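**Q** For reference, the structure I am asking about is given below.
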Amino acid sequence: MSPRRSYDQYCSAARALDVVGDRWTLLVVRELLAGPRRYTDLHADLPGVSTDVLASRLKDMERDGLTTRRRLPPPGAAYVYELTGRGRRLLPVLQALEEWGAPALGERRPTDAVRAHWFALPLLRALREAGAGAGLVEVRLEEGDFHLYAGADEGPVYGDGPAPAEPDARLTLDAGTCAALRQGELELRDAVRGGRVDVTGDGAVAKALREV
């Protein structure tokens, strides 16, 4: 386990960066906002990270109280990593960084990796700003499906694949519309009204979005 490095400044921002300022740490948090993940799953969804660096970050995060590691019962019998309450409280930090960094995205570069669930945080923000309320939302993109737990105060924020139960709403849209929502060029209510987001379902979230 690597020794902790510190800015040695009596400042809460500096103390926070002592813990989460290392490369990859906040992106590990982004992945664990989906709930417990195996090491192999984390490595697959963090393209570019070496196995040694990922293992080191996970050990540091466990030491710093951001994550825990536990063994799944048979037949899984694999170890999974998950956020603690302290780790989950980094959600608004990531949401703020996502919003702040959106103008720098520009066009996707040929070397840029993409995962469908990387659109989860901006879509959660778009749902909140549209006043859609709380509920399970399934999102369908060409890049893949994922689901969101809009308005959830605890537990996973999103997950890969179709919703595990009947969702309150299903949203079908393309990556270009997602990018426009993420970069603040388009509001969800306007995207629904203009037909760029197809909303189906009978839950409260679907009804709220169709009413905007």
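Naming scheme: A, B, ... for chains in displayed order of the structure tokens; residues 1 onward per chain; ligands 1 onward as shown.
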Go through range 103-131 of chain A residue by residue and, counting only C-alpha atoms, keep those with an atom at most 12 Å from range 44-56 of chain A; for each kept residue give the shortest atom pair and its distance in Å to one decimal, ordered by chain and increasing number, as JSON lines.

**A**
{"residue": "A:Thr111", "atom": "CA", "partner": "A:Gly48", "partner_atom": "CA", "distance": 10.9}
{"residue": "A:Asp112", "atom": "CA", "partner": "A:Pro47", "partner_atom": "CA", "distance": 9.6}
{"residue": "A:Ala113", "atom": "CA", "partner": "A:Pro47", "partner_atom": "CA", "distance": 7.1}
{"residue": "A:Val114", "atom": "CA", "partner": "A:Asp45", "partner_atom": "CA", "distance": 9.0}
{"residue": "A:Arg115", "atom": "CA", "partner": "A:Asp45", "partner_atom": "CA", "distance": 7.4}
{"residue": "A:Ala116", "atom": "CA", "partner": "A:Asp45", "partner_atom": "CA", "distance": 10.4}
{"residue": "A:His117", "atom": "CA", "partner": "A:Asp45", "partner_atom": "CA", "distance": 9.7}
{"residue": "A:Trp118", "atom": "CA", "partner": "A:Asp45", "partner_atom": "CA", "distance": 9.6}

**Q** Could those residues be written to a file, using N, CA and C atoms, as a PDB file, in the first residue's frame?

**A**
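Saved to selection30.pdb:
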ATOM      1  N   THR A 111      -9.669   8.473 -30.341  1.00  0.00           N
ATOM      2  CA  THR A 111      -9.067   7.699 -29.248  1.00  0.00           C
ATOM      3  C   THR A 111      -9.939   7.647 -27.998  1.00  0.00           C
ATOM      4  N   ASP A 112     -11.070   8.339 -27.998  1.00  0.00           N
ATOM      5  CA  ASP A 112     -11.926   8.398 -26.808  1.00  0.00           C
ATOM      6  C   ASP A 112     -12.736   7.118 -26.647  1.00  0.00           C
ATOM      7  N   ALA A 113     -12.585   6.475 -25.491  1.00  0.00           N
ATOM      8  CA  ALA A 113     -13.464   5.359 -25.143  1.00  0.00           C
ATOM      9  C   ALA A 113     -14.819   5.912 -24.716  1.00  0.00           C
ATOM     10  N   VAL A 114     -15.841   5.080 -24.770  1.00  0.00           N
ATOM     11  CA  VAL A 114     -17.157   5.498 -24.292  1.00  0.00           C
ATOM     12  C   VAL A 114     -17.882   4.280 -23.743  1.00  0.00           C
ATOM     13  N   ARG A 115     -18.628   4.481 -22.683  1.00  0.00           N
ATOM     14  CA  ARG A 115     -19.511   3.479 -22.120  1.00  0.00           C
ATOM     15  C   ARG A 115     -20.872   4.144 -21.964  1.00  0.00           C
ATOM     16  N   ALA A 116     -21.930   3.408 -22.247  1.00  0.00           N
ATOM     17  CA  ALA A 116     -23.265   3.995 -22.175  1.00  0.00           C
ATOM     18  C   ALA A 116     -23.526   4.621 -20.811  1.00  0.00           C
ATOM     19  N   HIS A 117     -23.112   3.928 -19.730  1.00  0.00           N
ATOM     20  CA  HIS A 117     -23.453   4.428 -18.398  1.00  0.00           C
ATOM     21  C   HIS A 117     -22.693   5.689 -18.012  1.00  0.00           C
ATOM     22  N   TRP A 118     -21.713   6.102 -18.826  1.00  0.00           N
ATOM     23  CA  TRP A 118     -21.043   7.374 -18.538  1.00  0.00           C
ATOM     24  C   TRP A 118     -21.973   8.570 -18.771  1.00  0.00           C
TER      25      TRP A 118
END

**Q** Determine, counting only C-alpha atoms, which protein, DNA and RNA residues have an atom within 12 Å of an atom of Val93 in chain A; residues of the same chain fewer than 2 positions away are not included. Present the result as an mmCIF file with N, CA and C atoms, in the first residue's frame.

**A**
data_model
loop_
_atom_site.group_PDB
_atom_site.id
_atom_site.type_symbol
_atom_site.label_atom_id
_atom_site.label_comp_id
_atom_site.auth_asym_id
_atom_site.auth_seq_id
_atom_site.Cartn_x
_atom_site.Cartn_y
_atom_site.Cartn_z
ATOM 1 N N ALA A 13 -10.262 21.793 1.563
ATOM 2 C CA ALA A 13 -10.105 21.411 0.162
ATOM 3 C C ALA A 13 -8.813 20.618 -0.031
ATOM 4 N N ALA A 16 -9.281 17.178 1.362
ATOM 5 C CA ALA A 16 -10.067 16.356 0.458
ATOM 6 C C ALA A 16 -9.213 15.853 -0.696
ATOM 7 N N LEU A 17 -8.367 16.722 -1.239
ATOM 8 C CA LEU A 17 -7.517 16.317 -2.355
ATOM 9 C C LEU A 17 -6.435 15.340 -1.919
ATOM 10 N N VAL A 20 -8.754 12.222 -2.559
ATOM 11 C CA VAL A 20 -9.332 11.929 -3.879
ATOM 12 C C VAL A 20 -8.586 12.588 -5.032
ATOM 13 N N LEU A 26 -11.412 9.399 -8.541
ATOM 14 C CA LEU A 26 -12.795 9.835 -8.723
ATOM 15 C C LEU A 26 -13.503 9.045 -9.819
ATOM 16 N N LEU A 27 -12.762 8.544 -10.780
ATOM 17 C CA LEU A 27 -13.393 7.721 -11.808
ATOM 18 C C LEU A 27 -13.753 6.337 -11.256
ATOM 19 N N VAL A 29 -14.779 6.024 -8.193
ATOM 20 C CA VAL A 29 -16.019 6.374 -7.499
ATOM 21 C C VAL A 29 -17.178 6.411 -8.482
ATOM 22 N N ARG A 30 -16.963 7.010 -9.652
ATOM 23 C CA ARG A 30 -18.018 7.051 -10.680
ATOM 24 C C ARG A 30 -18.530 5.650 -10.998
ATOM 25 N N GLY A 87 -18.002 7.568 0.829
ATOM 26 C CA GLY A 87 -17.686 7.541 -0.593
ATOM 27 C C GLY A 87 -18.850 8.017 -1.440
ATOM 28 N N ARG A 88 -20.065 7.601 -1.067
ATOM 29 C CA ARG A 88 -21.226 7.999 -1.857
ATOM 30 C C ARG A 88 -21.475 9.499 -1.783
ATOM 31 N N ARG A 89 -21.024 10.134 -0.712
ATOM 32 C CA ARG A 89 -21.210 11.582 -0.595
ATOM 33 C C ARG A 89 -20.356 12.356 -1.588
ATOM 34 N N LEU A 90 -19.544 11.649 -2.373
ATOM 35 C CA LEU A 90 -18.812 12.306 -3.459
ATOM 36 C C LEU A 90 -19.677 12.482 -4.711
ATOM 37 N N LEU A 91 -20.910 11.960 -4.700
ATOM 38 C CA LEU A 91 -21.794 12.106 -5.862
ATOM 39 C C LEU A 91 -21.943 13.558 -6.291
ATOM 40 N N GLN A 95 -20.922 15.229 -9.886
ATOM 41 C CA GLN A 95 -21.914 15.918 -10.698
ATOM 42 C C GLN A 95 -21.450 17.335 -11.043
ATOM 43 N N ALA A 96 -20.838 18.007 -10.064
ATOM 44 C CA ALA A 96 -20.327 19.358 -10.312
ATOM 45 C C ALA A 96 -19.175 19.322 -11.308
ATOM 46 N N LEU A 97 -18.277 18.337 -11.181
ATOM 47 C CA LEU A 97 -17.170 18.210 -12.127
ATOM 48 C C LEU A 97 -17.675 17.891 -13.528
ATOM 49 N N GLU A 98 -18.679 17.019 -13.609
ATOM 50 C CA GLU A 98 -19.252 16.666 -14.899
ATOM 51 C C GLU A 98 -19.838 17.894 -15.584
ATOM 52 N N GLU A 99 -20.570 18.705 -14.818
ATOM 53 C CA GLU A 99 -21.181 19.905 -15.394
ATOM 54 C C GLU A 99 -20.115 20.927 -15.776
ATOM 55 N N TRP A 100 -19.108 21.078 -14.916
ATOM 56 C CA TRP A 100 -18.036 22.049 -15.178
ATOM 57 C C TRP A 100 -17.217 21.637 -16.398
ATOM 58 N N LEU A 121 -24.756 10.323 -15.062
ATOM 59 C CA LEU A 121 -24.776 11.514 -14.204
ATOM 60 C C LEU A 121 -25.393 12.722 -14.897
#

**Q** Which of range 51-181 of chain A end up as strand (DSSP E or B) when DSSP is run on this backbone - answer as an MDAnalysis selection string?

**A** chainID A and resid 67:71 79:83 135:141 144:150 158:160 169:172

**Q** Enumerate the residues of range 36-173 of chain A with a DSSP assignment of helix (DSSP H, G or I), computed from the backbone, and present them as a ChimeraX atom specification.

**A** /A:39-44,51-63,85-88,91-104,116-129

**Q** For Pro36 in chain A, please output as a list in words all residues within 7 Å (counting only C-alpha atoms; exclusion window: fewer than 3 positions along the same chain).

**A**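 Once the adjacent positions are removed, what remains is Leu32, Val80, Tyr81 and Glu82 of chain A.
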
**Q** So, with only C-alpha atoms as the atoms that count, which of A:Gly35, A:Gly176, A:Gly184, A:Gly76 lies closest to Glu107 in chain A?

**A** A:Gly176

**Q** With only C-alpha atoms as the basis for distance, which of A:Gly101, A:Gly151, A:Gly144, A:Gly21 is at the shortest distance from Gly131 in chain A?

**A**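 Using only C-alpha atoms, Gly131 in chain A sits closest to A:Gly151.
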
**Q** Which residue gives the smallest distance to Ala78 in chain A among A:Gly194, A:Thr40, A:Asp64, A:Ala152, with only C-alpha atoms counted?

**A**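 Distance minimum relative to Ala78 in chain A lands on A:Thr40.
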
**Q** Show me, as an mmCIF file with C-alpha atoms, in the first residue's frame, the residues that have an atom within 9 Å of Val197 in chain A when counting only C-alpha atoms, minus same-chain residues fewer than 2 positions from it.

**A**
data_model
loop_
_atom_site.group_PDB
_atom_site.id
_atom_site.type_symbol
_atom_site.label_atom_id
_atom_site.label_comp_id
_atom_site.auth_asym_id
_atom_site.auth_seq_id
_atom_site.Cartn_x
_atom_site.Cartn_y
_atom_site.Cartn_z
ATOM 1 C CA LEU A 171 -36.117 6.963 -22.419
ATOM 2 C CA THR A 172 -34.865 6.233 -25.930
ATOM 3 C CA LEU A 173 -32.420 8.704 -27.424
ATOM 4 C CA ASP A 174 -29.130 8.901 -29.277
ATOM 5 C CA THR A 177 -28.897 14.162 -27.804
ATOM 6 C CA LEU A 188 -34.707 17.576 -21.402
ATOM 7 C CA ALA A 191 -35.834 17.288 -26.173
ATOM 8 C CA VAL A 192 -39.021 15.431 -25.213
ATOM 9 C CA ARG A 193 -41.223 18.063 -26.790
ATOM 10 C CA GLY A 194 -39.138 18.043 -29.983
ATOM 11 C CA GLY A 195 -39.189 14.263 -30.338
ATOM 12 C CA VAL A 199 -40.653 8.566 -23.374
#

**Q** Smallest atom-to-atom distance to Arg210 in chain A: which of A:Ala130, A:Pro164, A:Tyr39, A:Ala34, using only C-alpha atoms?

**A** A:Ala130

**Q** If you measure from CA of Pro122 in chain A to CA of Thr25 in chain A, what distance in Å do you get, rounded to one decimal?

**A** 19.4 Å

**Q** So what do you get for CA of Gly201 in chain A versus CA of Gln183 in chain A, distance-wise?

**A** 26.7 Å

**Q** Contacts of Ala126 in chain A at 8 Å or less, counting only C-alpha atoms, minus same-chain residues fewer than 5 places along, as a count of residues only?

**A** 4

**Q** Pick the closest to Gly203 in chain A from A:Gly135, A:Ala120, A:Arg108, A:Glu143: which is it, counting only C-alpha atoms?

**A**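 Checking each of A:Gly135, A:Ala120, A:Arg108, A:Glu143 against Gly203 in chain A, counting only C-alpha atoms, the winner is A:Gly135.
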